[in-house]
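Asker: Hey, dropping entry09.cif in here, mmCIF, C-alpha atoms and all ligand atoms:
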```cif
data_entry
loop_
_atom_site.label_atom_id
_atom_site.label_comp_id
_atom_site.auth_asym_id
_atom_site.auth_seq_id
_atom_site.Cartn_x
_atom_site.Cartn_y
_atom_site.Cartn_z
CA MET A 281 9.89 37.84 -16.69
CA LYS A 282 8.74 41.03 -14.98
CA MET A 283 6.16 39.91 -12.40
CA ASN A 284 5.24 43.51 -11.64
CA ALA A 285 4.25 44.08 -15.27
CA ASP A 286 2.06 47.13 -15.58
CA PHE A 287 -0.08 48.91 -18.13
CA ARG A 288 1.32 52.15 -16.74
CA LEU A 289 3.74 53.88 -19.09
CA ASN A 290 5.17 56.27 -16.53
CA ASP A 291 7.76 58.60 -18.02
CA ARG A 292 7.98 56.74 -21.31
CA VAL A 293 8.13 59.08 -24.29
CA ALA A 294 5.75 58.19 -27.12
CA ILE A 295 5.66 59.69 -30.62
CA VAL A 296 2.23 59.31 -32.25
CA SER A 297 2.01 60.36 -35.91
CA GLY A 298 -1.26 61.82 -37.17
CA ALA A 299 -2.37 62.44 -33.57
CA GLY A 300 -4.34 65.58 -34.42
CA SER A 301 -7.46 63.60 -35.22
CA GLY A 302 -9.34 60.32 -34.89
CA ILE A 303 -7.47 57.18 -33.84
CA GLY A 304 -4.17 59.04 -33.40
CA ALA A 305 -5.76 61.59 -31.05
CA GLY A 306 -7.54 58.81 -29.12
CA THR A 307 -4.24 56.91 -28.83
CA ALA A 308 -2.35 60.01 -27.66
CA LYS A 309 -4.99 60.57 -24.95
CA VAL A 310 -4.90 56.95 -23.71
CA LEU A 311 -1.07 56.83 -23.64
CA ALA A 312 -0.90 60.18 -21.80
CA ALA A 313 -3.47 58.99 -19.25
CA GLN A 314 -1.23 55.94 -18.66
CA GLY A 315 1.63 58.28 -17.74
CA ALA A 316 3.44 58.60 -21.07
CA ARG A 317 4.78 61.91 -22.33
CA VAL A 318 3.32 62.18 -25.80
CA VAL A 319 4.61 63.89 -28.93
CA ILE A 320 1.75 64.72 -31.29
CA ALA A 321 3.57 64.46 -34.65
CA GLU A 322 0.92 65.99 -36.89
CA LEU A 323 0.75 67.70 -40.28
CA ASP A 324 -2.16 70.02 -39.41
CA PRO A 325 -1.07 72.67 -36.86
CA GLU A 326 -4.61 73.56 -35.73
CA SER A 327 -5.69 70.04 -34.82
CA GLY A 328 -2.26 69.17 -33.37
CA ALA A 329 -2.38 72.19 -31.04
CA ARG A 330 -5.99 71.38 -30.08
CA VAL A 331 -5.16 67.80 -29.03
CA GLU A 332 -2.12 69.06 -27.09
CA ALA A 333 -4.36 71.54 -25.23
CA GLU A 334 -6.97 68.85 -24.47
CA ILE A 335 -4.39 66.46 -23.04
CA ARG A 336 -2.70 69.15 -20.97
CA ALA A 337 -6.07 70.41 -19.68
CA ALA A 338 -6.70 66.86 -18.40
CA GLY A 339 -3.46 67.13 -16.39
CA TYR A 340 -1.22 65.00 -18.60
CA ASP A 341 1.92 65.70 -20.63
CA ALA A 342 1.85 66.21 -24.41
CA ARG A 343 3.53 68.44 -26.99
CA PHE A 344 2.43 69.12 -30.55
CA ILE A 345 5.38 69.16 -32.94
CA ALA A 346 4.61 69.73 -36.63
CA CYS A 347 5.61 66.82 -38.85
CA ASP A 348 4.96 65.62 -42.38
CA VAL A 349 5.77 61.89 -42.38
CA ARG A 350 6.44 62.03 -46.14
CA GLU A 351 9.44 64.33 -45.65
CA GLU A 352 12.78 63.27 -44.12
CA LYS A 353 13.67 66.86 -43.16
CA SER A 354 10.37 67.41 -41.42
CA ILE A 355 10.75 64.14 -39.48
CA SER A 356 14.29 65.03 -38.50
CA TYR A 357 13.19 68.46 -37.23
CA MET A 358 10.34 66.85 -35.23
CA ILE A 359 12.71 64.30 -33.65
CA ASP A 360 15.28 66.99 -32.74
CA ALA A 361 12.49 69.01 -31.07
CA ALA A 362 11.17 65.90 -29.27
CA ILE A 363 14.64 65.00 -27.97
CA SER A 364 15.32 68.53 -26.75
CA GLN A 365 11.94 68.48 -24.97
CA TYR A 366 11.98 64.93 -23.54
CA GLN A 367 15.58 63.61 -24.06
CA LYS A 368 14.51 60.15 -25.30
CA ILE A 369 12.05 58.10 -27.39
CA ASP A 370 10.60 54.81 -26.06
CA ILE A 371 7.48 54.31 -28.17
CA LEU A 372 6.66 55.01 -31.82
CA VAL A 373 3.06 54.77 -33.05
CA ASN A 374 2.99 54.98 -36.85
CA ASN A 375 -0.66 56.02 -37.18
CA ALA A 376 -0.75 58.76 -39.86
CA GLY A 377 -2.60 57.51 -42.90
CA ILE A 378 -4.91 58.63 -45.68
CA THR A 379 -7.73 56.88 -47.52
CA GLN A 380 -9.00 57.28 -51.06
CA VAL A 381 -11.82 55.60 -52.91
CA VAL A 382 -10.86 55.34 -56.60
CA ASP A 383 -11.34 52.56 -59.13
CA VAL A 384 -8.10 51.28 -60.68
CA ASP A 385 -9.06 52.23 -64.25
CA THR A 386 -9.48 55.90 -63.28
CA MET A 387 -6.67 56.14 -60.69
CA SER A 388 -3.66 58.20 -61.77
CA PRO A 389 -0.13 57.06 -60.88
CA GLU A 390 0.14 60.28 -58.86
CA GLU A 391 -2.90 59.32 -56.76
CA TRP A 392 -1.41 55.88 -56.13
CA ASP A 393 1.97 57.40 -55.14
CA GLN A 394 0.35 60.05 -52.93
CA LEU A 395 -1.37 57.44 -50.80
CA GLN A 396 1.66 55.16 -50.55
CA SER A 397 3.91 58.10 -49.68
CA VAL A 398 1.95 58.70 -46.46
CA ASN A 399 0.85 55.17 -45.56
CA LEU A 400 3.99 53.18 -46.42
CA ARG A 401 6.93 55.52 -47.14
CA GLY A 402 6.02 57.65 -44.12
CA MET A 403 6.03 54.58 -41.87
CA PHE A 404 9.46 53.53 -43.18
CA LEU A 405 10.95 57.03 -42.80
CA MET A 406 9.54 57.53 -39.28
CA SER A 407 10.73 54.10 -38.11
CA ARG A 408 14.22 54.56 -39.54
CA ALA A 409 14.60 58.02 -38.01
CA CYS A 410 13.45 56.87 -34.54
CA LEU A 411 15.58 53.70 -34.45
CA PRO A 412 18.77 55.22 -32.99
CA TYR A 413 16.70 56.49 -30.03
CA LEU A 414 14.56 53.36 -29.64
CA ARG A 415 17.80 51.33 -29.49
CA GLN A 416 18.80 53.31 -26.39
CA SER A 417 15.43 52.83 -24.66
CA GLU A 418 14.86 50.35 -21.83
CA ASN A 419 11.32 49.58 -23.06
CA PRO A 420 11.22 50.18 -26.80
CA ALA A 421 8.14 49.35 -28.89
CA ILE A 422 6.66 50.26 -32.26
CA VAL A 423 2.98 49.94 -33.22
CA ASN A 424 1.91 50.38 -36.85
CA MET A 425 -1.68 51.20 -37.84
CA SER A 426 -2.89 48.71 -40.44
CA SER A 427 -6.58 47.98 -41.07
CA VAL A 428 -9.00 45.10 -41.54
CA ASN A 429 -8.69 46.17 -45.19
CA ALA A 430 -5.31 44.38 -45.23
CA SER A 431 -7.21 41.09 -45.38
CA VAL A 432 -10.89 41.78 -46.25
CA THR A 433 -11.89 44.77 -48.31
CA LEU A 434 -14.19 46.45 -50.82
CA GLY A 435 -13.94 47.71 -54.41
CA GLY A 436 -12.37 51.15 -54.87
CA LEU A 437 -9.84 50.63 -52.07
CA SER A 438 -7.00 48.96 -53.97
CA ALA A 439 -4.31 51.53 -53.13
CA TYR A 440 -5.45 51.70 -49.50
CA ALA A 441 -5.79 47.92 -49.07
CA ALA A 442 -2.37 47.39 -50.70
CA SER A 443 -0.83 49.90 -48.28
CA LYS A 444 -2.45 48.29 -45.24
CA ALA A 445 -1.38 44.77 -46.31
CA GLY A 446 2.09 46.23 -46.94
CA ILE A 447 2.10 47.54 -43.37
CA VAL A 448 1.55 43.99 -42.07
CA GLY A 449 4.55 42.73 -44.09
CA PHE A 450 6.64 45.71 -42.98
CA THR A 451 5.70 45.03 -39.34
CA LYS A 452 6.63 41.34 -39.47
CA SER A 453 9.97 41.90 -41.19
CA LEU A 454 10.90 44.79 -38.89
CA ALA A 455 9.94 42.71 -35.83
CA ALA A 456 12.37 40.00 -36.98
CA GLU A 457 15.05 42.56 -37.79
CA LEU A 458 14.87 44.36 -34.43
CA ALA A 459 14.39 41.33 -32.15
CA PRO A 460 15.09 40.74 -29.37
CA ARG A 461 15.54 44.40 -28.34
CA ILE A 462 12.62 46.22 -29.95
CA ARG A 463 9.08 44.82 -30.27
CA VAL A 464 7.10 45.72 -33.38
CA ASN A 465 3.37 45.01 -33.79
CA ALA A 466 0.43 46.20 -35.86
CA ILE A 467 -3.22 46.92 -35.16
CA ALA A 468 -6.02 46.24 -37.64
CA PRO A 469 -8.95 48.47 -36.69
CA GLY A 470 -12.41 47.85 -38.12
CA ALA A 471 -15.04 50.61 -38.36
CA ILE A 472 -13.92 53.37 -35.97
CA LEU A 473 -16.02 56.46 -35.37
CA THR A 474 -13.70 59.40 -36.12
CA GLU A 475 -14.05 63.04 -37.18
CA ALA A 476 -14.68 61.85 -40.74
CA TRP A 477 -18.22 60.98 -39.56
CA ARG A 478 -19.24 64.52 -38.50
CA ASP A 479 -22.14 64.34 -40.98
CA ARG A 480 -24.72 62.74 -38.66
CA ASP A 481 -27.23 61.96 -41.44
CA LYS A 482 -24.62 60.07 -43.42
CA LEU A 483 -23.48 58.34 -40.24
CA ASN A 484 -27.01 57.22 -39.38
CA GLN A 485 -27.54 55.84 -42.89
CA VAL A 486 -24.28 53.91 -42.73
CA LEU A 487 -25.00 52.63 -39.23
CA ALA A 488 -28.45 51.38 -40.18
CA HIS A 489 -26.87 49.29 -42.92
CA ARG A 490 -23.58 48.22 -41.33
CA LEU A 491 -24.22 47.62 -37.65
CA LYS A 492 -25.71 44.22 -38.41
CA TYR A 493 -22.23 43.17 -39.60
CA ILE A 494 -20.60 44.08 -36.29
CA PRO A 495 -21.24 41.48 -33.56
CA LEU A 496 -20.59 44.03 -30.79
CA GLU A 497 -23.31 46.24 -32.41
CA ARG A 498 -21.44 49.55 -32.40
CA MET A 499 -18.66 51.32 -34.23
CA GLY A 500 -15.39 51.50 -32.32
CA ALA A 501 -14.21 54.65 -30.54
CA PRO A 502 -10.69 55.97 -31.21
CA GLU A 503 -9.90 55.16 -27.57
CA ASP A 504 -10.79 51.47 -28.18
CA VAL A 505 -7.85 51.38 -30.57
CA GLY A 506 -5.74 53.49 -28.17
CA GLN A 507 -6.25 50.86 -25.44
CA GLY A 508 -4.91 48.22 -27.83
CA VAL A 509 -1.85 50.37 -28.51
CA ALA A 510 -1.34 50.92 -24.77
CA PHE A 511 -1.43 47.15 -24.22
CA LEU A 512 1.01 46.38 -27.06
CA VAL A 513 3.58 48.92 -25.84
CA SER A 514 3.20 47.95 -22.16
CA ASP A 515 5.14 45.39 -20.12
CA HIS A 516 2.09 43.11 -20.37
CA ALA A 517 2.95 42.50 -24.03
CA SER A 518 6.62 41.74 -23.40
CA TYR A 519 6.41 38.39 -25.30
CA ILE A 520 4.41 39.78 -28.22
CA THR A 521 6.14 40.88 -31.41
CA GLY A 522 5.45 40.63 -35.15
CA THR A 523 1.72 40.19 -34.65
CA VAL A 524 -1.46 41.97 -35.76
CA LEU A 525 -4.13 42.77 -33.17
CA THR A 526 -7.58 43.09 -34.75
CA ILE A 527 -9.88 45.61 -33.02
CA ASP A 528 -13.12 45.44 -34.98
CA GLY A 529 -15.98 44.42 -32.66
CA GLY A 530 -15.89 40.95 -34.24
CA MET A 531 -16.70 42.25 -37.75
CA THR A 532 -14.18 40.11 -39.64
CA SER A 533 -14.71 36.92 -37.63
CA ARG A 534 -18.35 36.24 -38.47
CA LEU A 535 -19.81 34.73 -41.65
CA TYR A 536 -23.16 35.93 -43.03
CA ASP A 537 -25.58 36.48 -40.15
CA GLY A 538 -23.62 34.20 -37.84
CA GLN A 539 -26.09 31.29 -37.89
CA VAL A 540 -25.38 27.82 -39.35
N1 LIG B 601 -11.22 55.27 -38.89
C1 LIG B 601 -11.26 54.00 -39.22
O1 LIG B 601 -12.35 53.39 -39.25
C2 LIG B 601 -9.98 53.25 -39.53
C3 LIG B 601 -10.07 51.87 -39.73
C4 LIG B 601 -8.89 51.15 -39.98
C5 LIG B 601 -7.66 51.81 -40.03
N2 LIG B 601 -7.61 53.15 -39.85
C6 LIG B 601 -6.26 53.78 -39.91
O2 LIG B 601 -6.02 54.50 -38.72
C7 LIG B 601 -5.19 55.63 -38.99
C8 LIG B 601 -5.90 56.89 -38.50
O3 LIG B 601 -7.14 56.99 -39.18
P1 LIG B 601 -8.27 58.04 -38.74
O4 LIG B 601 -9.56 57.48 -39.17
O5 LIG B 601 -8.05 58.43 -37.33
O6 LIG B 601 -7.92 59.23 -39.75
P2 LIG B 601 -8.03 60.81 -39.57
O7 LIG B 601 -8.07 61.35 -40.96
O8 LIG B 601 -9.08 61.18 -38.60
O9 LIG B 601 -6.60 61.16 -38.92
C9 LIG B 601 -5.40 61.05 -39.63
C10 LIG B 601 -4.46 62.13 -39.15
O10 LIG B 601 -3.22 61.99 -39.86
C11 LIG B 601 -2.78 63.27 -40.25
N3 LIG B 601 -1.91 63.17 -41.42
C12 LIG B 601 -2.29 62.94 -42.71
N4 LIG B 601 -1.20 62.98 -43.51
C13 LIG B 601 -0.13 63.21 -42.70
C14 LIG B 601 1.27 63.37 -42.94
N5 LIG B 601 1.75 63.32 -44.18
N6 LIG B 601 2.08 63.60 -41.89
C15 LIG B 601 1.56 63.68 -40.64
N7 LIG B 601 0.26 63.56 -40.34
C16 LIG B 601 -0.57 63.33 -41.37
C17 LIG B 601 -4.07 64.04 -40.56
O11 LIG B 601 -3.85 65.44 -40.55
C18 LIG B 601 -4.97 63.55 -39.45
O12 LIG B 601 -4.85 64.34 -38.28
C19 LIG B 601 -4.94 55.61 -40.50
O13 LIG B 601 -3.70 54.97 -40.76
C20 LIG B 601 -6.10 54.78 -41.04
O14 LIG B 601 -5.80 54.16 -42.24
C21 LIG B 601 -8.72 53.89 -39.61
#
```
Show this structure as structure tokens.
Ligand SMILES: NC(=O)c1ccc[n+]([C@@H]2O[C@H](COP(=O)([O-])OP(=O)(O)OC[C@H]3O[C@@H](n4cnc5c(N)ncnc54)[C@H](O)[C@@H]3O)[C@@H](O)[C@H]2O)c1
Answerer:
Amino acid sequence: MKMNADFRLNDRVAIVSGAGSGIGAGTAKVLAAQGARVVIAELDPESGARVEAEIRAAGYDARFIACDVREEKSISYMIDAAISQYQKIDILVNNAGITQVVDVDTMSPEEWDQLQSVNLRGMFLMSRACLPYLRQSENPAIVNMSSVNASVTLGGLSAYAASKAGIVGFTKSLAAELAPRIRVNAIAPGAILTEAWRDRDKLNQVLAHRLKYIPLERMGAPEDVGQGVAFLVSDHASYITGTVLTIDGGMTSRLYDGQV
């Protein structure tokens, strides 16, 4: 066991998908601040370039490389560019994901497929494409972004909840498949305050209703999830694989109002 285990990720190269916004951006910032060199693998060029500029302005190393996780060619181009920039890949954070709220009786097969193509197929394609490089790494780790919706959820989220439960199964099987060389874990975030909540009035309405369900009495910040990712990919987590770390302020652990 490494007794000098460290949260520092000095010189490790991390690919974070969907890092142009929200949890992915928060994760990219935390990993970069821990010394990692971060590839922002993002579909949207504007937000990807903005997060790259923010990280570099803070004195850390990051590169935006355009990537659509649904497309093998796009992933392959992103990986080639990442390797020519940084020569290796140590960490993969499969974070890119989309949400939709649609009841099953009105959902089209195309809507179902569209969500699964990002949330599940994208995760498979990204993992498969990075494996040859992760196998050569001294400290390889994968973290997949699931959700509390994998285990507790609401109406209208069937496609999303199915994808997030699928991610847990994918994580556990891949962890078994890649052991003992490569560790694979998932994170289940609860209610995280991301760019989707720019509408302050809507946010305040939701907070008034929902905060009473969160024991820690606040929504999470993207960086709260990023710290969990940094832990799971660090030497401190060297005996942790195939698990799901819930980061939800206690939301899914408490019944009713918490009193007997
Ligand atoms: N925000 C929450 O409360 C919450 C809770 C639980 C889980 N999650 C999960 O965390 C992840 C990030 O969520 P977020 O809230 O930060 O979302 P977000 O919409 O703010 O960010 C998602 C990013 O992924 C990018 N993206 C979308 N499709 C892509 C594709 N095909 N290829 C590459 N990039 C693509 C988007 O452009 C965007 O930058 C998702 O997997 C989501 O399901 C979020």
Asker: Within 7 Å of ligand LIG 601 (chain B), counting all atoms listed in the file: which residues, as a VMD selection string?
Answerer: chain A and resid 297 to 304 321 to 324 327 347 to 350 375 to 379 398 to 399 425 to 428 468 to 476
Asker: Pull C-alpha atoms from the residues just selected and write them as a compact mmCIF listing (two decimals), keeping the file's coordinate frame.
Answerer:
```txt
# COMPACT_ATOMS: atom_id res chain seq x y z
CA SER A 297 2.01 60.36 -35.91
CA GLY A 298 -1.26 61.82 -37.17
CA ALA A 299 -2.37 62.44 -33.57
CA GLY A 300 -4.34 65.58 -34.42
CA SER A 301 -7.46 63.60 -35.22
CA GLY A 302 -9.34 60.32 -34.89
CA ILE A 303 -7.47 57.18 -33.84
CA GLY A 304 -4.17 59.04 -33.40
CA ALA A 321 3.57 64.46 -34.65
CA GLU A 322 0.92 65.99 -36.89
CA LEU A 323 0.75 67.70 -40.28
CA ASP A 324 -2.16 70.02 -39.41
CA SER A 327 -5.69 70.04 -34.82
CA CYS A 347 5.61 66.82 -38.85
CA ASP A 348 4.96 65.62 -42.38
CA VAL A 349 5.77 61.89 -42.38
CA ARG A 350 6.44 62.03 -46.14
CA ASN A 375 -0.66 56.02 -37.18
CA ALA A 376 -0.75 58.76 -39.86
CA GLY A 377 -2.60 57.51 -42.90
CA ILE A 378 -4.91 58.63 -45.68
CA THR A 379 -7.73 56.88 -47.52
CA VAL A 398 1.95 58.70 -46.46
CA ASN A 399 0.85 55.17 -45.56
CA MET A 425 -1.68 51.20 -37.84
CA SER A 426 -2.89 48.71 -40.44
CA SER A 427 -6.58 47.98 -41.07
CA VAL A 428 -9.00 45.10 -41.54
CA ALA A 468 -6.02 46.24 -37.64
CA PRO A 469 -8.95 48.47 -36.69
CA GLY A 470 -12.41 47.85 -38.12
CA ALA A 471 -15.04 50.61 -38.36
CA ILE A 472 -13.92 53.37 -35.97
CA LEU A 473 -16.02 56.46 -35.37
CA THR A 474 -13.70 59.40 -36.12
CA GLU A 475 -14.05 63.04 -37.18
CA ALA A 476 -14.68 61.85 -40.74
```
Asker: Rounded to one decimal in Å, what is the spacing between CA of Ala316 in chain A and CA of Ile447 in chain A?
Answerer: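 Taking CA of Ala316 in chain A as the start and CA of Ile447 in chain A as the end point, the length is 24.9 Å.
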Asker: Could the residues of range 463-537 of chain A that have an atom at most 6 Å from range 414-424 of chain A be listed as CSV, each with its closest atom pair and the distance in Å to one decimal, counting all atoms listed in the file and ordered by chain and ascending residue number?
Answerer:
```
residue,atom,partner,partner_atom,distance
A:Arg463,CA,A:Ala421,CA,4.8
A:Val464,CA,A:Ile422,CA,4.7
A:Asn465,CA,A:Val423,CA,5.0
A:Ala466,CA,A:Asn424,CA,4.5
A:Val513,CA,A:Ala421,CA,5.5
```
Asker: Rounded to one decimal, what separation in Å do you get between CA of Gly449 in chain A and CA of Val524 in chain A?
Answerer: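 Separation between CA of Gly449 in chain A and CA of Val524 in chain A: 10.3 Å.
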Asker: If you measure from CA of Gln485 in chain A to CA of Glu497 in chain A, what distance in Å do you get, rounded to one decimal?
Answerer: 14.8 Å
Asker: Around (-5.4, 51.0, -52.0), as given in the file, which residues come within 9 Å? Count all atoms listed in the file and list them as a count of residues only.
Answerer: 17
Asker: Here is a test: counting only C-alpha atoms, which residue of A:Ser518, A:Ala501, A:Val448, A:Lys492 is nearest to Thr307 in chain A?
Answerer: A:Ala501
Asker: Between A:Met403, A:Ala342, A:Leu434, A:Cys410, single out the one closest to Asn374 in chain A, counting all atoms listed in the file.
Answerer: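 Smallest separation from Asn374 in chain A among the options: A:Met403.
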Asker: Counting all atoms listed in the file, what is within 12 Å of Ala510 in chain A, bar same-chain residues fewer than 5 positions away, as a ChimeraX atom specification?
Answerer: /A:286-290,292,294,296,306-316,371-373,421-423,465,467,503-505,515-517
Asker: Which one is closest to Arg317 in chain A: A:Gly339, A:Gly529, A:Gly435, A:Gly538? Count only C-alpha atoms.
Answerer: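 That would be A:Gly339, the residue with the smallest distance to Arg317 in chain A.
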Asker: Could I get range 341-353 of chain A from the block written as a PDB file, in the first residue's frame, with N, CA, C and O atoms?
Answerer:
```
ATOM      1  N   ASP A 341      -3.652  23.694 -16.069  1.00  0.00           N
ATOM      2  CA  ASP A 341      -3.514  23.214 -17.448  1.00  0.00           C
ATOM      3  C   ASP A 341      -4.798  22.540 -17.917  1.00  0.00           C
ATOM      4  O   ASP A 341      -5.264  21.576 -17.290  1.00  0.00           O
ATOM      5  N   ALA A 342      -5.367  23.042 -19.013  1.00  0.00           N
ATOM      6  CA  ALA A 342      -6.561  22.414 -19.598  1.00  0.00           C
ATOM      7  C   ALA A 342      -6.612  22.738 -21.079  1.00  0.00           C
ATOM      8  O   ALA A 342      -6.110  23.773 -21.515  1.00  0.00           O
ATOM      9  N   ARG A 343      -7.196  21.828 -21.855  1.00  0.00           N
ATOM     10  CA  ARG A 343      -7.396  22.052 -23.287  1.00  0.00           C
ATOM     11  C   ARG A 343      -8.816  21.627 -23.644  1.00  0.00           C
ATOM     12  O   ARG A 343      -9.235  20.537 -23.282  1.00  0.00           O
ATOM     13  N   PHE A 344      -9.522  22.508 -24.362  1.00  0.00           N
ATOM     14  CA  PHE A 344     -10.816  22.105 -24.915  1.00  0.00           C
ATOM     15  C   PHE A 344     -10.574  21.364 -26.222  1.00  0.00           C
ATOM     16  O   PHE A 344      -9.853  21.867 -27.095  1.00  0.00           O
ATOM     17  N   ILE A 345     -11.146  20.181 -26.349  1.00  0.00           N
ATOM     18  CA  ILE A 345     -11.114  19.463 -27.623  1.00  0.00           C
ATOM     19  C   ILE A 345     -12.549  19.026 -27.922  1.00  0.00           C
ATOM     20  O   ILE A 345     -13.171  18.331 -27.106  1.00  0.00           O
ATOM     21  N   ALA A 346     -13.065  19.465 -29.083  1.00  0.00           N
ATOM     22  CA  ALA A 346     -14.468  19.183 -29.409  1.00  0.00           C
ATOM     23  C   ALA A 346     -14.714  17.681 -29.471  1.00  0.00           C
ATOM     24  O   ALA A 346     -13.885  16.928 -29.993  1.00  0.00           O
ATOM     25  N   CYS A 347     -15.853  17.262 -28.944  1.00  0.00           N
ATOM     26  CA  CYS A 347     -16.165  15.824 -28.950  1.00  0.00           C
ATOM     27  C   CYS A 347     -17.665  15.613 -28.784  1.00  0.00           C
ATOM     28  O   CYS A 347     -18.291  16.200 -27.915  1.00  0.00           O
ATOM     29  N   ASP A 348     -18.206  14.753 -29.633  1.00  0.00           N
ATOM     30  CA  ASP A 348     -19.580  14.291 -29.470  1.00  0.00           C
ATOM     31  C   ASP A 348     -19.493  12.830 -29.037  1.00  0.00           C
ATOM     32  O   ASP A 348     -19.070  11.967 -29.825  1.00  0.00           O
ATOM     33  N   VAL A 349     -19.880  12.549 -27.790  1.00  0.00           N
ATOM     34  CA  VAL A 349     -19.685  11.191 -27.252  1.00  0.00           C
ATOM     35  C   VAL A 349     -20.572  10.151 -27.939  1.00  0.00           C
ATOM     36  O   VAL A 349     -20.393   8.951 -27.732  1.00  0.00           O
ATOM     37  N   ARG A 350     -21.518  10.611 -28.793  1.00  0.00           N
ATOM     38  CA  ARG A 350     -22.365   9.652 -29.516  1.00  0.00           C
ATOM     39  C   ARG A 350     -21.653   9.090 -30.749  1.00  0.00           C
ATOM     40  O   ARG A 350     -22.115   8.132 -31.352  1.00  0.00           O
ATOM     41  N   GLU A 351     -20.555   9.762 -31.165  1.00  0.00           N
ATOM     42  CA  GLU A 351     -19.941   9.459 -32.457  1.00  0.00           C
ATOM     43  C   GLU A 351     -18.535   8.894 -32.304  1.00  0.00           C
ATOM     44  O   GLU A 351     -17.633   9.573 -31.814  1.00  0.00           O
ATOM     45  N   GLU A 352     -18.326   7.674 -32.803  1.00  0.00           N
ATOM     46  CA  GLU A 352     -16.994   7.049 -32.701  1.00  0.00           C
ATOM     47  C   GLU A 352     -15.907   7.902 -33.335  1.00  0.00           C
ATOM     48  O   GLU A 352     -14.816   8.038 -32.781  1.00  0.00           O
ATOM     49  N   LYS A 353     -16.202   8.475 -34.526  1.00  0.00           N
ATOM     50  CA  LYS A 353     -15.178   9.258 -35.235  1.00  0.00           C
ATOM     51  C   LYS A 353     -14.770  10.482 -34.440  1.00  0.00           C
ATOM     52  O   LYS A 353     -13.603  10.851 -34.378  1.00  0.00           O
TER      53      LYS A 353
END
```
